[in-house]
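Contents: one structure, followed by commentary.
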Amino acid sequence: MNIIKQSSIILATHARVYSASQAMRDFLRVHGCRNLLYISHPLPMADVHDFDRSFAELSRGNNIVSGVRAPVRFRNVVLSSGFEALFALGRILQAGKRFDLFIGVDNMNALLGLFLKRLGIVRRVVYYTIDYFPTRFANPFMNRLYHAIDLFCVRHSDETWNVSEAMVAARRKFHRSKGEMGSQHTVPIGIWFDQVKRLPRSQINTRLIVFSGHLVMHMGVDMLIRAFADIRKKVPDASLVIVGGGEQMEALQKLTAILHLTKYVRFYGWVTDRKQLERILCRGAVGVAPFNTYILDEKVKNADPGKIKDYMVCGLPVVVTDAIASARDIQIHRCGIVVPYRKEALVRAIVRFLTDEKLHTSYRKCAISYVRRFDYNTLYTINVIRALSL
């Protein structure tokens with residue numbers, strides 16, 4: 001780890017809750033990065049509050065030595081992108097240092113890194129892509145511009161990190177390209193295995209179903225709630241926890257009331273404290289990811305949904321629809337049950353985990369064993385050292 005301790009690194013990201021970019025920040029701090037400038041911008045989401053603004057923190061090792069938060073934020077994507085670039089550039093120039101590595105999470109941040117490399121302020125640039133899908137913006141011009149920037153960053157960054165192997169093929173398909181696509185590496189979403197305080201099965205609620213994630217149409221939470229009504233007919237003491245927020249929250253709460261399930265379903269909203277989220281998940285019996293495969297686009301198919309590993313590291317076997325690239329691995333390693341997007345199939349799978357102790361115990365052990373290989377210490381050590389050594 002001496003190379004990390006001797007390095008100065010910029011990490012620029014957009015974030016809403018604890019995710020891969022914050023895990024990278026924590027990894028670099030724990031492993032003694034000499035200078036880490038962490039720059040975070042809010043995601044342009046309808047339920048993000050005005051007090052969620054861009055901020056920057058300079059740390060040495062695990063100690064934050066300075067920090068500043070932007071005085072304003074913009075909802076307009078164009079205005080927001082321009083302001084964020086200027087805010088980040090100002091903080092970088094203010095640091096008065098040359099940096100060994102710039103890690104840009106998403107293409108606008110990576111583009112800034114390439115500009116800084118041209119100026120000689122950074123030596124290497126990594127473009128870290130968390131998702132990739134054809135229709136990022138409804139506006140055709142904005143969408144073409146977004147993908148042009150993505151392709152430029154892939155071709156000119158020293159490395160591109162994709163959370164899924166499917167992203168490489170998706171880029172080639174979208175751009176109809178057989179030419180040079182840069183140095184791309186798969187860096188999947190990970191977990192902090194040793195930091196999670198898993199409960200023994202004797203202390204969990206063996207009737208508790210958990211969903212964690214963004215409450216939007218393609219997540220399929222409406223079907224989960226309808227399935228839950230049928231589950232309670234078979235398992236009368238079953239309960240459901242929904243962690244997350246989004247444009248569908250009010251509609252989902254109304255659906256819960258219509259089905260007379262309000263007493264048995266708890267909506268937490270966004271839980272930004274990672275430890276609190278883990279405490280909620282660790283009490284559950286099964287984690288559900290009911291992606292709606294009828295309206296699902298490449299956003300999930302090409303990604304590596306973090307909720308799946310969050311469930312597993314907390315000791316929850318999963319029930320997931322056959323929408324994600326890792327579905328086959330989940331089946332092979334007996335970490336969960338993969339089902340088609342049908343209410344009856346979802347009900348059967350969840351009821352099996354709630355009522356069959358032997359099955360639940362077996363899959364719970366397999367999930368914990370399987371997810372261990374995705375510990376961030378392993379994933380990031382390999383990739384950061386390679387990027388710094390180029």
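Lettering and numbering for the structure tokens are positional, with chains as A, B, ... in the shown order, residues counted from 1 in each chain, and ligands counted from 1 in the shown order.
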
Going by DSSP on the backbone, which residues of stretch 230-387 of chain A come out as strand (DSSP E)? List them as a ChimeraX atom specification. /A:239-243,265-269,286-289,318-321,336-339

Selection export as a PDB file, in the first residue's frame, atoms kept: N, CA and C atoms:
ATOM      1  N   SER A 239     -44.227  -9.280   7.340  1.00  0.00           N
ATOM      2  CA  SER A 239     -44.196  -7.812   7.283  1.00  0.00           C
ATOM      3  C   SER A 239     -43.213  -7.390   6.197  1.00  0.00           C
ATOM      4  N   LEU A 240     -43.321  -6.128   5.787  1.00  0.00           N
ATOM      5  CA  LEU A 240     -42.512  -5.620   4.680  1.00  0.00           C
ATOM      6  C   LEU A 240     -41.919  -4.273   5.047  1.00  0.00           C
ATOM      7  N   VAL A 241     -40.635  -4.107   4.785  1.00  0.00           N
ATOM      8  CA  VAL A 241     -39.947  -2.835   4.981  1.00  0.00           C
ATOM      9  C   VAL A 241     -39.480  -2.332   3.622  1.00  0.00           C
ATOM     10  N   ILE A 242     -39.735  -1.056   3.330  1.00  0.00           N
ATOM     11  CA  ILE A 242     -39.305  -0.430   2.085  1.00  0.00           C
ATOM     12  C   ILE A 242     -38.406   0.743   2.414  1.00  0.00           C
ATOM     13  N   VAL A 243     -37.152   0.633   2.031  1.00  0.00           N
ATOM     14  CA  VAL A 243     -36.163   1.682   2.310  1.00  0.00           C
ATOM     15  C   VAL A 243     -35.838   2.380   0.996  1.00  0.00           C
ATOM     16  N   VAL A 265     -46.677  -2.648   6.495  1.00  0.00           N
ATOM     17  CA  VAL A 265     -45.630  -2.140   5.597  1.00  0.00           C
ATOM     18  C   VAL A 265     -45.068  -0.844   6.176  1.00  0.00           C
ATOM     19  N   ARG A 266     -43.755  -0.792   6.286  1.00  0.00           N
ATOM     20  CA  ARG A 266     -43.113   0.425   6.795  1.00  0.00           C
ATOM     21  C   ARG A 266     -42.258   1.061   5.707  1.00  0.00           C
ATOM     22  N   PHE A 267     -42.515   2.343   5.424  1.00  0.00           N
ATOM     23  CA  PHE A 267     -41.714   3.115   4.478  1.00  0.00           C
ATOM     24  C   PHE A 267     -40.714   3.955   5.277  1.00  0.00           C
ATOM     25  N   TYR A 268     -39.438   3.711   5.078  1.00  0.00           N
ATOM     26  CA  TYR A 268     -38.404   4.457   5.798  1.00  0.00           C
ATOM     27  C   TYR A 268     -37.996   5.745   5.085  1.00  0.00           C
ATOM     28  N   GLY A 269     -38.223   5.823   3.772  1.00  0.00           N
ATOM     29  CA  GLY A 269     -37.627   6.915   3.013  1.00  0.00           C
ATOM     30  C   GLY A 269     -36.141   6.638   2.826  1.00  0.00           C
ATOM     31  N   VAL A 286     -35.393 -11.874   3.986  1.00  0.00           N
ATOM     32  CA  VAL A 286     -35.164 -11.991   2.541  1.00  0.00           C
ATOM     33  C   VAL A 286     -35.160 -10.598   1.921  1.00  0.00           C
ATOM     34  N   GLY A 287     -34.230 -10.373   0.985  1.00  0.00           N
ATOM     35  CA  GLY A 287     -34.161  -9.117   0.253  1.00  0.00           C
ATOM     36  C   GLY A 287     -34.719  -9.304  -1.151  1.00  0.00           C
ATOM     37  N   VAL A 288     -35.533  -8.359  -1.599  1.00  0.00           N
ATOM     38  CA  VAL A 288     -36.234  -8.510  -2.871  1.00  0.00           C
ATOM     39  C   VAL A 288     -35.819  -7.415  -3.854  1.00  0.00           C
ATOM     40  N   ALA A 289     -35.590  -7.824  -5.113  1.00  0.00           N
ATOM     41  CA  ALA A 289     -35.276  -6.887  -6.198  1.00  0.00           C
ATOM     42  C   ALA A 289     -36.185  -7.231  -7.384  1.00  0.00           C
ATOM     43  N   VAL A 318     -31.690 -13.635  -1.598  1.00  0.00           N
ATOM     44  CA  VAL A 318     -32.432 -12.680  -2.410  1.00  0.00           C
ATOM     45  C   VAL A 318     -33.464 -13.377  -3.286  1.00  0.00           C
ATOM     46  N   VAL A 319     -34.493 -12.609  -3.605  1.00  0.00           N
ATOM     47  CA  VAL A 319     -35.430 -12.980  -4.659  1.00  0.00           C
ATOM     48  C   VAL A 319     -35.374 -11.862  -5.676  1.00  0.00           C
ATOM     49  N   VAL A 320     -34.999 -12.189  -6.917  1.00  0.00           N
ATOM     50  CA  VAL A 320     -34.783 -11.180  -7.949  1.00  0.00           C
ATOM     51  C   VAL A 320     -35.399 -11.642  -9.258  1.00  0.00           C
ATOM     52  N   THR A 321     -35.941 -10.710 -10.011  1.00  0.00           N
ATOM     53  CA  THR A 321     -36.464 -11.061 -11.331  1.00  0.00           C
ATOM     54  C   THR A 321     -35.301 -11.245 -12.304  1.00  0.00           C
ATOM     55  N   GLY A 336     -29.901 -17.120  -3.879  1.00  0.00           N
ATOM     56  CA  GLY A 336     -31.266 -16.644  -3.944  1.00  0.00           C
ATOM     57  C   GLY A 336     -32.035 -17.340  -5.045  1.00  0.00           C
ATOM     58  N   ILE A 337     -33.252 -16.884  -5.258  1.00  0.00           N
ATOM     59  CA  ILE A 337     -34.137 -17.461  -6.262  1.00  0.00           C
ATOM     60  C   ILE A 337     -34.409 -16.407  -7.329  1.00  0.00           C
ATOM     61  N   VAL A 338     -34.199 -16.777  -8.586  1.00  0.00           N
ATOM     62  CA  VAL A 338     -34.467 -15.889  -9.717  1.00  0.00           C
ATOM     63  C   VAL A 338     -35.820 -16.260 -10.312  1.00  0.00           C
ATOM     64  N   VAL A 339     -36.684 -15.251 -10.490  1.00  0.00           N
ATOM     65  CA  VAL A 339     -38.051 -15.510 -10.955  1.00  0.00           C
ATOM     66  C   VAL A 339     -38.381 -14.611 -12.145  1.00  0.00           C
TER      67      VAL A 339
END

Distance query A:Leu379 at most 8 Å, only C-alpha atoms, self and fewer than 4 positions along chain excluded, as a PDB file with N, CA and C atoms, in the first residue's frame:
ATOM      1  N   VAL A 187     -14.943  -3.444 -12.585  1.00  0.00           N
ATOM      2  CA  VAL A 187     -14.781  -3.202 -11.144  1.00  0.00           C
ATOM      3  C   VAL A 187     -16.194  -3.218 -10.546  1.00  0.00           C
ATOM      4  N   PRO A 188     -16.697  -4.377 -10.148  1.00  0.00           N
ATOM      5  CA  PRO A 188     -18.092  -4.473  -9.698  1.00  0.00           C
ATOM      6  C   PRO A 188     -18.347  -3.724  -8.402  1.00  0.00           C
ATOM      7  N   GLY A 190     -19.084  -3.308  -4.675  1.00  0.00           N
ATOM      8  CA  GLY A 190     -18.590  -4.159  -3.596  1.00  0.00           C
ATOM      9  C   GLY A 190     -19.289  -3.935  -2.274  1.00  0.00           C
ATOM     10  N   PHE A 374     -16.388  -9.888  -2.931  1.00  0.00           N
ATOM     11  CA  PHE A 374     -16.564  -8.533  -3.452  1.00  0.00           C
ATOM     12  C   PHE A 374     -16.198  -7.464  -2.424  1.00  0.00           C
ATOM     13  N   ASP A 375     -15.387  -7.831  -1.437  1.00  0.00           N
ATOM     14  CA  ASP A 375     -14.975  -6.846  -0.444  1.00  0.00           C
ATOM     15  C   ASP A 375     -14.195  -5.725  -1.128  1.00  0.00           C
ATOM     16  N   ASN A 383      -7.187  -2.487  -8.361  1.00  0.00           N
ATOM     17  CA  ASN A 383      -7.415  -1.526  -9.437  1.00  0.00           C
ATOM     18  C   ASN A 383      -6.745  -0.177  -9.200  1.00  0.00           C
TER      19      ASN A 383
END

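Among A:Thr293, A:Ser7, A:Ser19, A:Asn302, the residue with the shortest atom-to-atom distance to A:Pro134, counting only C-alpha atoms, is A:Asn302.
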
Hey, what's within 12 Å of A:Lys233 if we count only C-alpha atoms and toss same-chain stuff fewer than 6 positions away? As a PyMOL selection string, please? chain A and resi 226-227+239+261+347+351

If we count only C-alpha atoms, what is near A:Lys365 at a cut-off of 12 Å, once residues fewer than 4 positions away on the same chain are taken out, given as a short mmCIF file (atom, residue, chain, number, x, y, z; two decimals) with N, CA and C atoms, in the first residue's frame?
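Below is the file that was written, result_23.cif:
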data_model
loop_
_atom_site.label_atom_id
_atom_site.label_comp_id
_atom_site.auth_asym_id
_atom_site.auth_seq_id
_atom_site.Cartn_x
_atom_site.Cartn_y
_atom_site.Cartn_z
N ARG A 198 -23.57 -8.72 11.14
CA ARG A 198 -24.66 -9.65 10.83
C ARG A 198 -25.19 -10.30 12.11
N PRO A 200 -27.10 -13.51 14.10
CA PRO A 200 -27.39 -14.94 13.94
C PRO A 200 -28.85 -15.10 13.55
N ARG A 201 -29.16 -16.18 12.87
CA ARG A 201 -30.52 -16.38 12.40
C ARG A 201 -31.53 -16.36 13.54
N MET A 312 -27.06 -9.47 0.58
CA MET A 312 -26.26 -10.66 0.88
C MET A 312 -25.31 -10.43 2.03
N VAL A 313 -24.63 -9.28 2.05
CA VAL A 313 -23.64 -9.05 3.10
C VAL A 313 -24.31 -8.93 4.46
N CYS A 314 -25.60 -8.60 4.46
CA CYS A 314 -26.35 -8.54 5.71
C CYS A 314 -27.00 -9.87 6.07
N GLY A 315 -26.72 -10.89 5.25
CA GLY A 315 -27.21 -12.23 5.56
C GLY A 315 -28.54 -12.57 4.95
N LEU A 316 -29.00 -11.80 3.97
CA LEU A 316 -30.31 -12.05 3.37
C LEU A 316 -30.15 -12.77 2.03
N PRO A 317 -30.74 -13.95 1.87
CA PRO A 317 -30.87 -14.50 0.52
C PRO A 317 -31.79 -13.60 -0.27
N HIS A 333 -24.66 -20.13 -7.34
CA HIS A 333 -24.09 -20.13 -5.98
C HIS A 333 -25.16 -20.25 -4.90
N ARG A 334 -26.41 -20.45 -5.30
CA ARG A 334 -27.52 -20.68 -4.36
C ARG A 334 -27.61 -19.55 -3.32
N CYS A 335 -27.52 -18.33 -3.84
CA CYS A 335 -27.65 -17.13 -2.99
C CYS A 335 -29.09 -16.64 -2.95
N GLY A 336 -29.90 -17.12 -3.88
CA GLY A 336 -31.27 -16.64 -3.94
C GLY A 336 -32.04 -17.34 -5.05
N LYS A 358 -34.93 -24.79 6.74
CA LYS A 358 -33.73 -25.45 6.20
C LYS A 358 -33.25 -24.75 4.93
N LEU A 359 -34.18 -24.43 4.04
CA LEU A 359 -33.84 -23.75 2.80
C LEU A 359 -33.26 -22.37 3.09
N HIS A 360 -33.92 -21.63 3.98
CA HIS A 360 -33.47 -20.28 4.30
C HIS A 360 -32.08 -20.30 4.91
N THR A 361 -31.83 -21.21 5.84
CA THR A 361 -30.52 -21.31 6.48
C THR A 361 -29.43 -21.61 5.46
N SER A 369 -21.21 -16.35 2.06
CA SER A 369 -19.96 -16.88 1.52
C SER A 369 -19.65 -16.28 0.15
N TYR A 370 -20.65 -16.20 -0.71
CA TYR A 370 -20.44 -15.70 -2.07
C TYR A 370 -20.04 -14.23 -2.09
N VAL A 371 -20.71 -13.41 -1.29
CA VAL A 371 -20.50 -11.97 -1.38
C VAL A 371 -19.15 -11.53 -0.83
N ARG A 372 -18.52 -12.39 -0.07
CA ARG A 372 -17.24 -12.05 0.54
C ARG A 372 -16.17 -11.68 -0.50
#
